[in-house]
file data-v5.tsv (TSV, C-alpha atoms)
chain	number	residue	atom	x	y	z
A	1	MET	CA	28.22	134.99	80.32
A	2	THR	CA	29.75	137.60	82.64
A	3	THR	CA	26.44	139.41	82.97
A	4	LEU	CA	24.62	136.15	83.64
A	5	GLY	CA	27.17	135.11	86.27
A	6	THR	CA	26.99	138.51	87.93
A	7	GLY	CA	23.21	138.29	88.02
A	8	PHE	CA	23.37	135.12	90.17
A	9	VAL	CA	25.84	136.58	92.65
A	10	ARG	CA	23.42	138.84	94.50
A	11	PRO	CA	20.65	136.23	94.97
A	12	ARG	CA	23.26	133.73	96.14
A	13	ARG	CA	24.66	136.16	98.69
A	14	TRP	CA	21.17	137.02	99.89
A	15	LEU	CA	20.26	133.35	100.33
A	16	ARG	CA	23.47	132.71	102.27
A	17	GLY	CA	22.66	135.61	104.54
A	18	HIS	CA	19.05	134.40	105.05
A	19	PRO	CA	19.18	130.59	105.47
A	20	LEU	CA	15.74	130.40	107.10
A	21	ALA	CA	14.12	132.04	104.07
A	22	PHE	CA	15.86	129.51	101.82
A	23	ASP	CA	14.64	126.61	103.96
A	24	ARG	CA	11.08	127.94	103.84
A	25	GLY	CA	11.19	128.12	100.08
A	26	LEU	CA	12.71	124.66	99.87
A	27	ALA	CA	10.00	123.24	102.17
A	28	ALA	CA	7.32	124.81	99.98
A	29	ALA	CA	8.93	123.30	96.87
A	30	VAL	CA	9.06	119.86	98.51
A	31	LEU	CA	5.40	120.21	99.52
A	32	VAL	CA	4.46	120.95	95.90
A	33	CYS	CA	6.45	117.92	94.74
A	34	MET	CA	4.71	115.67	97.30
A	35	ILE	CA	1.27	116.91	96.24
A	36	CYS	CA	2.08	116.33	92.57
A	37	ALA	CA	3.37	112.85	93.40
A	38	ALA	CA	0.14	112.16	95.35
A	39	PHE	CA	-1.88	112.73	92.16
A	40	ALA	CA	0.35	110.36	90.15
A	41	GLU	CA	-0.45	106.66	89.92
A	42	PRO	CA	2.04	104.10	88.60
A	43	ASP	CA	0.97	102.15	85.55
A	44	PRO	CA	3.22	99.21	84.67
A	45	GLY	CA	2.16	99.29	81.05
A	46	HIS	CA	2.51	102.94	80.16
A	47	GLY	CA	4.34	104.57	83.09
A	48	PRO	CA	2.86	106.84	85.77
A	49	VAL	CA	-0.45	108.53	85.03
A	50	PHE	CA	-2.33	111.30	86.83
A	51	HIS	CA	-5.76	110.32	88.07
A	52	ALA	CA	-8.59	112.57	89.11
A	53	ARG	CA	-8.86	111.35	92.69
A	54	PRO	CA	-7.15	113.88	94.94
A	55	PRO	CA	-5.25	112.80	98.07
A	56	GLY	CA	-7.31	112.51	101.23
A	57	PRO	CA	-7.28	115.06	104.06
A	58	PHE	CA	-5.11	112.85	106.24
A	59	SER	CA	-2.54	112.49	103.45
A	60	MET	CA	-2.50	116.27	102.99
A	61	LEU	CA	-2.02	116.71	106.72
A	62	LEU	CA	0.96	114.34	106.73
A	63	MET	CA	2.57	116.14	103.77
A	64	VAL	CA	2.05	119.58	105.30
A	65	LEU	CA	3.48	118.49	108.66
A	66	ALA	CA	6.53	116.96	106.93
A	67	ALA	CA	7.09	120.18	104.92
A	68	VAL	CA	6.78	122.34	108.04
A	69	ALA	CA	9.31	120.14	109.81
A	70	LEU	CA	11.82	120.75	106.98
A	71	VAL	CA	11.99	124.44	107.87
A	72	LEU	CA	14.00	123.49	110.96
A	73	ARG	CA	16.33	121.05	109.17
A	74	ARG	CA	19.49	123.17	109.79
A	75	ARG	CA	18.86	123.67	113.51
A	76	ARG	CA	17.63	120.16	114.39
A	77	PRO	CA	18.65	117.79	111.57
A	78	VAL	CA	18.32	114.54	113.54
A	79	ALA	CA	14.98	115.56	115.09
A	80	VAL	CA	13.61	116.58	111.67
A	81	LEU	CA	14.71	113.21	110.24
A	82	ALA	CA	12.93	111.38	113.05
A	83	VAL	CA	9.69	113.38	112.56
A	84	THR	CA	9.64	112.98	108.77
A	85	GLY	CA	10.51	109.28	109.06
A	86	LEU	CA	7.66	108.74	111.53
A	87	LEU	CA	5.21	110.60	109.30
A	88	SER	CA	6.33	108.56	106.30
A	89	ALA	CA	5.83	105.29	108.19
A	90	VAL	CA	2.36	106.44	109.30
A	91	GLY	CA	1.59	107.23	105.66
A	92	PHE	CA	2.52	103.72	104.59
A	93	LEU	CA	0.38	102.29	107.39
A	94	LEU	CA	-2.79	104.41	107.29
A	95	THR	CA	-3.18	105.89	103.81
A	96	ASP	CA	-4.09	104.22	100.54
A	97	PRO	CA	-2.45	105.06	98.27
A	98	PRO	CA	0.36	106.02	100.68
A	99	ALA	CA	1.21	109.71	100.91
A	100	PRO	CA	4.65	110.41	99.31
A	101	VAL	CA	6.08	111.80	102.56
A	102	VAL	CA	9.27	109.86	101.81
A	103	LEU	CA	10.40	112.83	99.67
A	104	SER	CA	10.79	114.90	102.82
A	105	VAL	CA	12.67	112.02	104.45
A	106	VAL	CA	15.19	112.04	101.58
A	107	LEU	CA	15.89	115.74	102.11
A	108	ALA	CA	16.09	115.36	105.89
A	109	LEU	CA	18.51	112.45	105.57
A	110	PHE	CA	20.66	114.47	103.15
A	111	THR	CA	20.80	117.28	105.72
A	112	VAL	CA	21.85	114.90	108.50
A	113	ALA	CA	24.61	113.42	106.32
A	114	SER	CA	25.93	116.84	105.27
A	115	ARG	CA	25.90	118.41	108.75
A	116	THR	CA	26.97	115.61	111.10
A	117	ASP	CA	29.85	113.15	111.20
A	118	ARG	CA	30.11	109.92	109.23
A	119	PRO	CA	29.25	107.48	112.07
A	120	THR	CA	26.03	109.40	112.78
A	121	THR	CA	25.22	109.37	109.06
A	122	TRP	CA	25.69	105.60	108.84
A	123	ARG	CA	23.58	104.89	111.90
A	124	ALA	CA	20.76	107.26	110.92
A	125	GLY	CA	20.84	106.18	107.27
A	126	LEU	CA	20.73	102.45	107.95
A	127	LEU	CA	17.97	102.83	110.52
A	128	THR	CA	15.89	105.02	108.19
A	129	MET	CA	16.34	102.71	105.20
A	130	LEU	CA	15.47	99.67	107.29
A	131	VAL	CA	12.36	101.15	108.91
A	132	LEU	CA	10.87	102.73	105.78
A	133	THR	CA	11.67	99.80	103.48
A	134	MET	CA	10.16	97.30	105.94
A	135	ALA	CA	7.10	99.52	106.42
A	136	ALA	CA	6.61	99.80	102.65
A	137	MET	CA	7.03	96.04	102.13
A	138	VAL	CA	4.98	94.85	105.11
A	139	VAL	CA	2.07	97.31	105.43
A	140	GLY	CA	2.14	99.02	102.03
A	141	PRO	CA	-0.64	98.40	99.48
A	142	THR	CA	1.79	97.09	96.84
A	143	PRO	CA	3.53	93.67	96.84
A	144	TRP	CA	6.77	93.57	98.79
A	145	TYR	CA	8.83	93.13	95.63
A	146	SER	CA	7.34	96.13	93.80
A	147	GLN	CA	9.62	98.80	92.34
A	148	GLU	CA	8.13	101.47	94.64
A	149	ASN	CA	9.51	99.66	97.68
A	150	VAL	CA	12.93	99.28	96.04
A	151	GLY	CA	12.78	102.96	95.17
A	152	VAL	CA	12.42	103.86	98.88
A	153	LEU	CA	15.65	101.97	99.58
A	154	ALA	CA	17.47	103.53	96.63
A	155	TRP	CA	16.45	107.14	97.34
A	156	THR	CA	17.34	107.01	101.03
A	157	GLY	CA	20.71	105.41	100.24
A	158	LEU	CA	21.38	108.06	97.58
A	159	ALA	CA	20.56	110.81	100.09
A	160	CYS	CA	23.13	109.40	102.54
A	161	ALA	CA	25.84	109.18	99.88
A	162	ALA	CA	25.17	112.66	98.49
A	163	GLY	CA	25.09	114.28	101.93
A	164	ASP	CA	28.33	112.58	102.98
A	165	ALA	CA	30.01	113.75	99.76
A	166	VAL	CA	28.89	117.33	100.36
A	167	ARG	CA	30.15	117.19	103.95
A	168	SER	CA	33.54	115.81	102.85
A	169	ARG	CA	33.90	118.47	100.16
A	170	ARG	CA	32.96	121.23	102.62
A	171	ALA	CA	35.50	119.93	105.15
A	172	PHE	CA	38.17	119.72	102.43
A	173	ILE	CA	37.54	123.30	101.34
A	174	ASP	CA	37.58	124.52	104.95
A	175	ALA	CA	40.88	122.72	105.54
A	176	ILE	CA	42.40	124.30	102.43
A	177	ARG	CA	41.16	127.74	103.45
A	178	GLU	CA	42.44	127.32	107.02
A	179	ARG	CA	45.80	126.09	105.72
A	180	ALA	CA	46.05	129.05	103.35
A	181	GLU	CA	45.20	131.51	106.12
A	182	ARG	CA	47.73	129.90	108.45
A	183	ALA	CA	50.37	130.00	105.71
A	184	GLU	CA	49.59	133.66	105.09
A	185	ARG	CA	49.90	134.47	108.79
A	186	THR	CA	53.12	132.49	109.01
A	187	ARG	CA	54.49	134.25	105.93
A	188	GLU	CA	53.66	137.67	107.35
A	189	GLU	CA	55.19	136.80	110.72
A	190	GLU	CA	58.29	135.44	109.02
A	191	ALA	CA	58.57	138.59	106.91
A	192	ARG	CA	58.26	140.80	109.98
A	193	ARG	CA	60.82	138.70	111.83
A	194	ARG	CA	63.27	138.89	108.94
A	195	VAL	CA	62.79	142.64	108.65
A	196	ALA	CA	63.45	143.07	112.37
A	197	GLU	CA	66.54	140.88	112.22
A	198	GLU	CA	67.84	142.76	109.19
A	199	ARG	CA	67.30	146.09	110.89
A	200	LEU	CA	69.22	144.89	113.95
A	201	ARG	CA	72.02	143.56	111.77
A	202	ILE	CA	72.32	146.83	109.83
A	203	ALA	CA	72.22	148.90	113.00
A	204	ARG	CA	74.85	146.66	114.59
A	205	ASP	CA	77.17	146.86	111.58
A	206	LEU	CA	76.77	150.61	111.27
A	207	HIS	CA	77.52	151.05	114.96
A	208	ASP	CA	80.64	148.91	114.69
A	209	VAL	CA	81.91	150.89	111.70
A	210	VAL	CA	81.02	154.36	112.97
A	211	ALA	CA	82.06	153.85	116.60
A	212	HIS	CA	85.44	152.38	115.71
A	213	HIS	CA	86.49	154.86	113.05
A	214	ILE	CA	85.04	157.94	114.71
A	215	ALA	CA	86.79	157.05	117.98
A	216	LEU	CA	90.09	156.80	116.13
A	217	VAL	CA	89.44	160.04	114.26
A	218	ASN	CA	88.67	161.78	117.54
A	219	VAL	CA	91.86	160.53	119.18
A	220	GLN	CA	94.12	161.37	116.25
A	221	ALA	CA	92.53	164.78	115.79
A	222	GLY	CA	93.18	165.51	119.47
A	223	VAL	CA	96.81	164.47	119.07
A	224	ALA	CA	97.22	166.65	115.98
A	225	ALA	CA	95.73	169.66	117.75
A	226	HIS	CA	97.99	169.11	120.76
A	227	VAL	CA	101.29	168.88	118.84
A	228	MET	CA	100.44	171.14	115.91
A	229	ASP	CA	102.69	174.02	117.02
A	230	LYS	CA	105.58	172.17	118.66
A	231	ARG	CA	105.85	168.98	116.57
A	232	PRO	CA	104.32	169.55	113.11
A	233	ASP	CA	105.71	166.24	111.77
A	234	GLN	CA	103.82	164.25	114.37
A	235	ALA	CA	100.72	166.36	113.70
A	236	LYS	CA	100.94	165.51	110.00
A	237	GLU	CA	101.24	161.82	110.85
A	238	ALA	CA	98.16	162.05	113.10
A	239	LEU	CA	96.21	163.84	110.37
A	240	ALA	CA	97.25	161.13	107.93
A	241	HIS	CA	95.78	158.56	110.32
A	242	VAL	CA	92.62	160.68	110.53
A	243	ARG	CA	92.35	160.72	106.76
A	244	GLU	CA	92.89	156.96	106.55
A	245	ALA	CA	90.32	156.21	109.26
A	246	SER	CA	87.72	158.54	107.70
A	247	ARG	CA	88.33	156.99	104.26
A	248	SER	CA	87.81	153.50	105.68
A	249	ALA	CA	84.63	154.61	107.44
A	250	LEU	CA	83.26	156.22	104.28
A	251	ASN	CA	84.05	153.13	102.20
A	252	GLU	CA	82.26	150.80	104.63
A	253	LEU	CA	79.29	153.15	104.94
A	254	ARG	CA	79.11	153.48	101.15
A	255	ALA	CA	79.10	149.70	100.78
A	256	THR	CA	76.34	149.30	103.38
A	257	VAL	CA	74.16	152.05	101.94
A	258	GLY	CA	74.72	150.67	98.45
A	259	LEU	CA	73.30	147.33	99.52
A	260	LEU	CA	70.28	149.07	101.04
A	261	ARG	CA	69.62	151.03	97.84
A	262	GLN	CA	69.49	147.95	95.61
A	263	SER	CA	65.92	147.10	94.66
A	264	GLY	CA	66.64	143.49	93.73
A	265	ASP	CA	68.86	140.85	95.22
A	266	PRO	CA	72.22	142.33	96.12
A	267	GLU	CA	75.21	141.24	94.12
A	268	ALA	CA	77.93	139.17	95.72
A	269	PRO	CA	80.41	141.36	97.57
A	270	THR	CA	83.75	141.86	95.86
A	271	GLU	CA	85.58	142.53	99.13
A	272	PRO	CA	86.07	139.78	101.72
A	273	ALA	CA	84.13	140.14	104.92
A	274	PRO	CA	86.31	141.35	107.82
A	275	GLY	CA	87.70	138.55	109.94
A	276	LEU	CA	90.67	137.49	111.98
A	277	ALA	CA	92.76	137.40	108.81
A	278	VAL	CA	92.87	141.21	108.90
A	279	LEU	CA	93.24	141.42	112.67
A	280	ASP	CA	96.77	142.81	112.31
A	281	ALA	CA	95.44	145.79	110.34
A	282	LEU	CA	92.75	146.39	112.97
A	283	VAL	CA	95.24	146.24	115.82
A	284	GLY	CA	97.56	148.52	113.88
A	285	THR	CA	94.95	151.27	113.81
A	286	PHE	CA	94.73	151.19	117.59
A	287	ARG	CA	98.47	151.13	117.99
A	288	ASN	CA	98.70	154.18	115.73
A	289	ALA	CA	96.14	155.84	118.01
A	290	GLY	CA	98.44	155.28	121.00
A	291	LEU	CA	96.93	152.12	122.48
A	292	PRO	CA	99.46	149.32	122.98
A	293	VAL	CA	97.83	146.00	122.08
A	294	GLU	CA	99.29	142.53	122.47
A	295	VAL	CA	97.76	139.68	120.47
A	296	ALA	CA	97.98	135.96	121.18
A	297	CYS	CA	96.37	133.31	119.02
A	298	THR	CA	96.48	129.50	119.01
A	299	ASP	CA	96.18	127.54	115.77
A	300	PRO	CA	96.65	130.57	113.50
A	301	ASP	CA	96.55	128.38	110.40
A	302	SER	CA	93.17	126.84	111.26
A	303	PRO	CA	90.37	129.04	109.87
A	304	LEU	CA	87.17	129.70	111.78
A	305	PRO	CA	83.74	129.36	110.18
A	306	ALA	CA	82.60	132.50	108.38
A	307	ALA	CA	79.99	133.54	110.95
A	308	ALA	CA	82.28	132.93	113.93
A	309	ASP	CA	85.18	134.66	112.17
A	310	LEU	CA	83.15	137.81	111.55
A	311	ALA	CA	81.73	137.80	115.10
A	312	ALA	CA	85.20	137.42	116.62
A	313	TYR	CA	86.52	140.32	114.56
A	314	ARG	CA	83.61	142.60	115.53
A	315	ILE	CA	83.89	141.69	119.22
A	316	ILE	CA	87.60	142.52	119.27
A	317	GLN	CA	86.97	145.74	117.33
A	318	GLU	CA	84.24	146.92	119.71
A	319	ALA	CA	86.14	145.90	122.83
A	320	LEU	CA	89.29	147.74	121.76
A	321	THR	CA	87.20	150.77	120.78
A	322	ASN	CA	85.72	150.83	124.28
A	323	VAL	CA	89.21	150.57	125.78
A	324	ARG	CA	90.40	153.52	123.71
A	325	LYS	CA	87.34	155.59	124.60
A	326	HIS	CA	86.96	154.81	128.30
A	327	ALA	CA	90.32	153.67	129.65
A	328	GLY	CA	92.71	156.10	131.26
A	329	ALA	CA	95.91	157.41	129.76
A	330	GLY	CA	98.63	154.83	129.28
A	331	ALA	CA	96.19	151.92	129.15
A	332	LYS	CA	97.31	148.63	127.63
A	333	ALA	CA	95.14	145.92	126.08
A	334	GLU	CA	95.59	142.23	125.46
A	335	VAL	CA	93.72	140.15	122.88
A	336	SER	CA	93.67	136.35	122.80
A	337	VAL	CA	91.93	133.92	120.47
A	338	VAL	CA	92.01	130.32	121.71
A	339	ARG	CA	90.34	127.28	120.21
A	340	VAL	CA	89.08	124.83	122.84
A	341	GLY	CA	87.45	121.75	121.39
A	342	GLY	CA	84.48	122.85	119.31
A	343	THR	CA	84.56	126.45	120.51
A	344	ALA	CA	86.65	129.56	120.10
A	345	GLU	CA	87.27	131.79	123.12
A	346	ILE	CA	87.82	135.49	122.48
A	347	THR	CA	89.25	137.53	125.37
A	348	VAL	CA	90.02	141.26	125.44
A	349	ILE	CA	91.34	142.78	128.67
A	350	ASP	CA	92.85	146.12	129.66
A	351	ASP	CA	94.56	147.39	132.78
A	352	GLY	CA	92.60	150.64	133.04
A	353	GLY	CA	95.64	152.85	132.47
A	354	GLN	CA	96.55	155.56	134.96
A	355	ASP	CA	92.97	155.53	136.28
A	356	PRO	CA	92.40	151.84	137.05
A	357	ARG	CA	89.30	152.61	139.09
A	358	ARG	CA	87.44	154.13	136.15
A	359	ALA	CA	83.70	153.53	136.00
A	360	PRO	CA	83.07	150.81	133.43
A	361	ASP	CA	80.15	150.69	131.04
A	362	ASP	CA	76.96	149.61	132.72
A	363	GLY	CA	76.13	147.29	129.88
A	364	GLY	CA	73.46	149.58	128.44
A	365	GLY	CA	75.57	150.85	125.55
A	366	HIS	CA	74.85	149.78	121.99
A	367	GLY	CA	78.33	148.29	121.64
A	368	LEU	CA	77.92	145.70	124.38
A	369	ILE	CA	74.37	145.02	123.23
A	370	GLY	CA	75.62	144.42	119.71
A	371	MET	CA	78.32	142.04	120.94
A	372	ARG	CA	75.77	140.06	122.96
A	373	GLU	CA	73.44	139.86	119.96
A	374	ARG	CA	76.20	138.53	117.73
A	375	VAL	CA	77.27	135.91	120.27
A	376	THR	CA	73.68	134.88	121.06
A	377	ALA	CA	72.89	134.47	117.36
A	378	LEU	CA	75.67	131.89	117.13
A	379	GLY	CA	74.58	130.11	120.32
A	380	GLY	CA	77.55	131.29	122.41
A	381	THR	CA	77.99	133.23	125.63
A	382	LEU	CA	79.48	136.63	126.44
A	383	THR	CA	80.63	138.11	129.72
A	384	ALA	CA	81.74	141.73	130.08
A	385	ALA	CA	82.68	143.01	133.53
A	386	PRO	CA	85.29	145.11	135.31
A	387	ARG	CA	88.45	143.36	136.51
A	388	TYR	CA	89.56	143.19	140.10
A	389	GLY	CA	92.11	145.96	140.64
A	390	GLY	CA	91.05	147.99	137.61
A	391	GLY	CA	90.40	147.62	133.92
A	392	PHE	CA	87.79	145.69	132.01
A	393	ARG	CA	87.43	142.17	130.61
A	394	VAL	CA	85.37	140.93	127.67
A	395	HIS	CA	85.17	137.17	127.22
A	396	ALA	CA	83.18	135.46	124.45
A	397	ILE	CA	82.76	131.74	123.74
A	398	LEU	CA	81.74	131.06	120.14
A	399	PRO	CA	80.72	127.57	118.97
A	400	LEU	CA	82.43	126.69	115.73
A	401	THR	CA	79.20	125.06	114.51
A	402	SER	CA	76.56	127.72	115.10
A	403	ARG	CA	72.90	126.88	115.55
A	404	THR	CA	72.08	129.18	112.66
A	405	HIS	CA	74.04	126.85	110.33
A	406	ALA	CA	75.50	129.79	108.47
A	407	PRO	CA	77.27	128.55	105.34
A	408	GLU	CA	80.88	129.37	104.93
A	409	ARG	CA	81.45	131.85	102.14
A	410	PRO	CA	84.45	131.44	99.88
A	411	ASP	CA	84.91	135.20	99.72
A	412	THR	CA	85.53	135.51	103.47
A	413	ALA	CA	88.92	135.40	105.07
A	414	GLY	CA	90.17	131.89	104.69
A	415	THR	CA	92.56	131.79	107.63
A	416	THR	CA	93.10	133.38	110.95
A	417	GLY	CA	96.56	134.39	109.96
A	418	GLY	CA	96.10	137.77	111.57
A	419	CYS	CA	96.57	136.26	115.00
A	420	ALA	CA	100.23	136.72	115.68

call {"tool": "encode", "arguments": {"input": "data-v5.tsv", "output": "structure tokens"}}
result
Amino acid sequence: MTTLGTGFVRPRRWLRGHPLAFDRGLAAAVLVCMICAAFAEPDPGHGPVFHARPPGPFSMLLMVLAAVALVLRRRRPVAVLAVTGLLSAVGFLLTDPPAPVVLSVVLALFTVASRTDRPTTWRAGLLTMLVLTMAAMVVGPTPWYSQENVGVLAWTGLACAAGDAVRSRRAFIDAIRERAERAERTREEEARRRVAEERLRIARDLHDVVAHHIALVNVQAGVAAHVMDKRPDQAKEALAHVREASRSALNELRATVGLLRQSGDPEAPTEPAPGLAVLDALVGTFRNAGLPVEVACTDPDSPLPAAADLAAYRIIQEALTNVRKHAGAGAKAEVSVVRVGGTAEITVIDDGGQDPRRAPDDGGGHGLIGMRERVTALGGTLTAAPRYGGGFRVHAILPLTSRTHAPERPDTAGTTGGCA
């Protein structure tokens, strides 16, 4: 069966690639059928019989012209139907017995029904059936109630129905194929979009972790080097902070890389996602690094949604990291988290320290870009600009119901108790 099926594949492909050759062969086959039918004579007693009288020259001319017209049935289906219908009506009127040109009309009507729309099929089919049936009944050699005349009506109606069914099936298959292609394109675009979003999220998280901890390590290492000889106790304390910050950075990097290495779906995290509940610990790391930070928070017992809680924590972390890196000596920072209606406003400001006219970031750094991406993903707004008189101000408005509809996770920080 496989060999037989494979044997039909090549001829089928060749015929699809050469439709005109197929139509020529089909026209020749229809011509042979019409000639054979011209030799047959109906006999009510014993069925059709073949008689020795061949069809006349005019009948042969009509059949040849109808077969030649069928070669163009794909290009001009309605014109071919009109020509074959006219030749068939002429055959009923001028030949005796009538030339069986109606066979070509059946094929032409099938082509019209399969290649045009349904209204055109109904109009052409009804007109063809009416003209040929009336011609056979009125001017044909047989009585009007003979089975040959009823057969003309039946065959033309069958051609309309079969052609319409083929057209409907072809349209259904095309719609399924187009829907499958569109779904495939949509799936590929969605996959690329998800990959891009995941890459941005990973890069943003890695930047937050590395920038924060490395900045603290740099500051504490500088302090240890400065007081190593004169105040060894303070140097040891600074080195302890360096060790703690580097351990935290390694743990977070190990967790992130571990998720990337998993081939299947990642397991649920065992550690809660950072949020305002651990804001005291975050602020403590900056205070240990020599940056005085004051924190103010309204409604500390009212938890934020998981996505907004994480975004608020990362914004405060990045803003304080920028203060520690870029502000002058003796700088002070203030952090406030205020709930206003259905939003939470996060504000981080600094006074610029002993160099209040320091050049602020131009907004092209990855930290500010990451903060804007987090806020935009939740449907909020972020402004980051230098303050009048020195220092810098970061202000974010986070909607408590984000447009991403991120579900709250039970493993995240449940309260904003870190706001003191």

call {"tool": "residues_around", "arguments": {"input": "data-v5.tsv", "residues": "Ala66 of chain A", "least_positions_apart": "2", "cutoff": "10 Å", "atoms": "all atoms listed in the file", "output": "PyMOL selection string"}}
result
chain A and resi 27+30-31+34+60-64+68-71+80-81+83-88+101-105+108

call {"tool": "residues_around", "arguments": {"input": "data-v5.tsv", "residues": "segment 149-163 of chain A", "least_positions_apart": "2", "cutoff": "7 Å", "atoms": "only C-alpha atoms", "output": "list in words"}}
result
Val106, Leu109, Phe110, Thr111, Ala113, Ser114, Thr121, Gly125, Met129, Thr133, Ala136, Met137, Trp144, Tyr145, Ser146, Gln147, Ala165, Val166 and Arg167 of chain A

call {"tool": "atom_distance", "arguments": {"input": "data-v5.tsv", "atom1": "atom CA of Ala312 of chain A", "atom2": "atom CA of Gly222 of chain A"}}
result
29.3 Å

call {"tool": "atom_distance", "arguments": {"input": "data-v5.tsv", "atom1": "atom CA of Leu304 of chain A", "atom2": "atom CA of Asp205 of chain A"}}
result
19.9 Å

call {"tool": "atom_distance", "arguments": {"input": "data-v5.tsv", "atom1": "atom CA of Gly330 of chain A", "atom2": "atom CA of Ile214 of chain A"}}
result
20.2 Å

call {"tool": "closest_residue", "arguments": {"input": "data-v5.tsv", "among": "A:Ala99, A:Leu320, A:Leu26, A:Ile349", "to": "Ala40 of chain A", "atoms": "only C-alpha atoms"}}
result
A:Ala99

call {"tool": "axis_aligned_box", "arguments": {"input": "data-v5.tsv", "around": "segment 60-78 of chain A", "padding_each_side": "4 Å", "output": "lines of an AutoDock Vina configuration file"}}
result
center_x = 8.5
center_y = 119.4
center_z = 108.7
size_x = 30.0
size_y = 18.1
size_z = 19.4

call {"tool": "closest_residue", "arguments": {"input": "data-v5.tsv", "among": "A:Pro232, A:Pro19, A:Pro100, A:Asn288", "to": "Cys36 of chain A", "atoms": "all atoms listed in the file"}}
result
A:Pro100

call {"tool": "residues_around", "arguments": {"input": "data-v5.tsv", "residues": "Val337 of chain A", "least_positions_apart": "4", "cutoff": "7 Å", "atoms": "only C-alpha atoms", "output": "list in words"}}
result
Ala296, Cys297, Thr298, Ala344, Glu345, Ile346 and Thr347 of chain A

call {"tool": "residues_around", "arguments": {"input": "data-v5.tsv", "residues": "Glu334 of chain A", "least_positions_apart": "4", "cutoff": "12 Å", "atoms": "all atoms listed in the file", "output": "PDB file with C-alpha atoms, in the frame of the given file"}}
result
ATOM      1  CA  VAL A 283      95.240 146.240 115.820  1.00  0.00           C
ATOM      2  CA  PHE A 286      94.730 151.190 117.590  1.00  0.00           C
ATOM      3  CA  ARG A 287      98.470 151.130 117.990  1.00  0.00           C
ATOM      4  CA  LEU A 291      96.930 152.120 122.480  1.00  0.00           C
ATOM      5  CA  PRO A 292      99.460 149.320 122.980  1.00  0.00           C
ATOM      6  CA  VAL A 293      97.830 146.000 122.080  1.00  0.00           C
ATOM      7  CA  GLU A 294      99.290 142.530 122.470  1.00  0.00           C
ATOM      8  CA  VAL A 295      97.760 139.680 120.470  1.00  0.00           C
ATOM      9  CA  ALA A 296      97.980 135.960 121.180  1.00  0.00           C
ATOM     10  CA  CYS A 297      96.370 133.310 119.020  1.00  0.00           C
ATOM     11  CA  ILE A 316      87.600 142.520 119.270  1.00  0.00           C
ATOM     12  CA  ALA A 319      86.140 145.900 122.830  1.00  0.00           C
ATOM     13  CA  LEU A 320      89.290 147.740 121.760  1.00  0.00           C
ATOM     14  CA  VAL A 323      89.210 150.570 125.780  1.00  0.00           C
ATOM     15  CA  ILE A 346      87.820 135.490 122.480  1.00  0.00           C
ATOM     16  CA  THR A 347      89.250 137.530 125.370  1.00  0.00           C
ATOM     17  CA  VAL A 348      90.020 141.260 125.440  1.00  0.00           C
ATOM     18  CA  ILE A 349      91.340 142.780 128.670  1.00  0.00           C
ATOM     19  CA  ASP A 350      92.850 146.120 129.660  1.00  0.00           C
ATOM     20  CA  ASP A 351      94.560 147.390 132.780  1.00  0.00           C
ATOM     21  CA  GLY A 352      92.600 150.640 133.040  1.00  0.00           C
ATOM     22  CA  GLY A 391      90.400 147.620 133.920  1.00  0.00           C
ATOM     23  CA  PHE A 392      87.790 145.690 132.010  1.00  0.00           C
ATOM     24  CA  ARG A 393      87.430 142.170 130.610  1.00  0.00           C
ATOM     25  CA  VAL A 394      85.370 140.930 127.670  1.00  0.00           C
ATOM     26  CA  HIS A 395      85.170 137.170 127.220  1.00  0.00           C
TER      27      HIS A 395
END

call {"tool": "closest_residue", "arguments": {"input": "data-v5.tsv", "among": "A:Val375, A:Ala331, A:Val112, A:Leu200", "to": "Arg75 of chain A", "atoms": "all atoms listed in the file"}}
result
A:Val112

call {"tool": "closest_residue", "arguments": {"input": "data-v5.tsv", "among": "A:Ala333, A:Leu378, A:Leu206, A:Val139", "to": "Leu253 of chain A", "atoms": "only C-alpha atoms"}}
result
A:Leu206
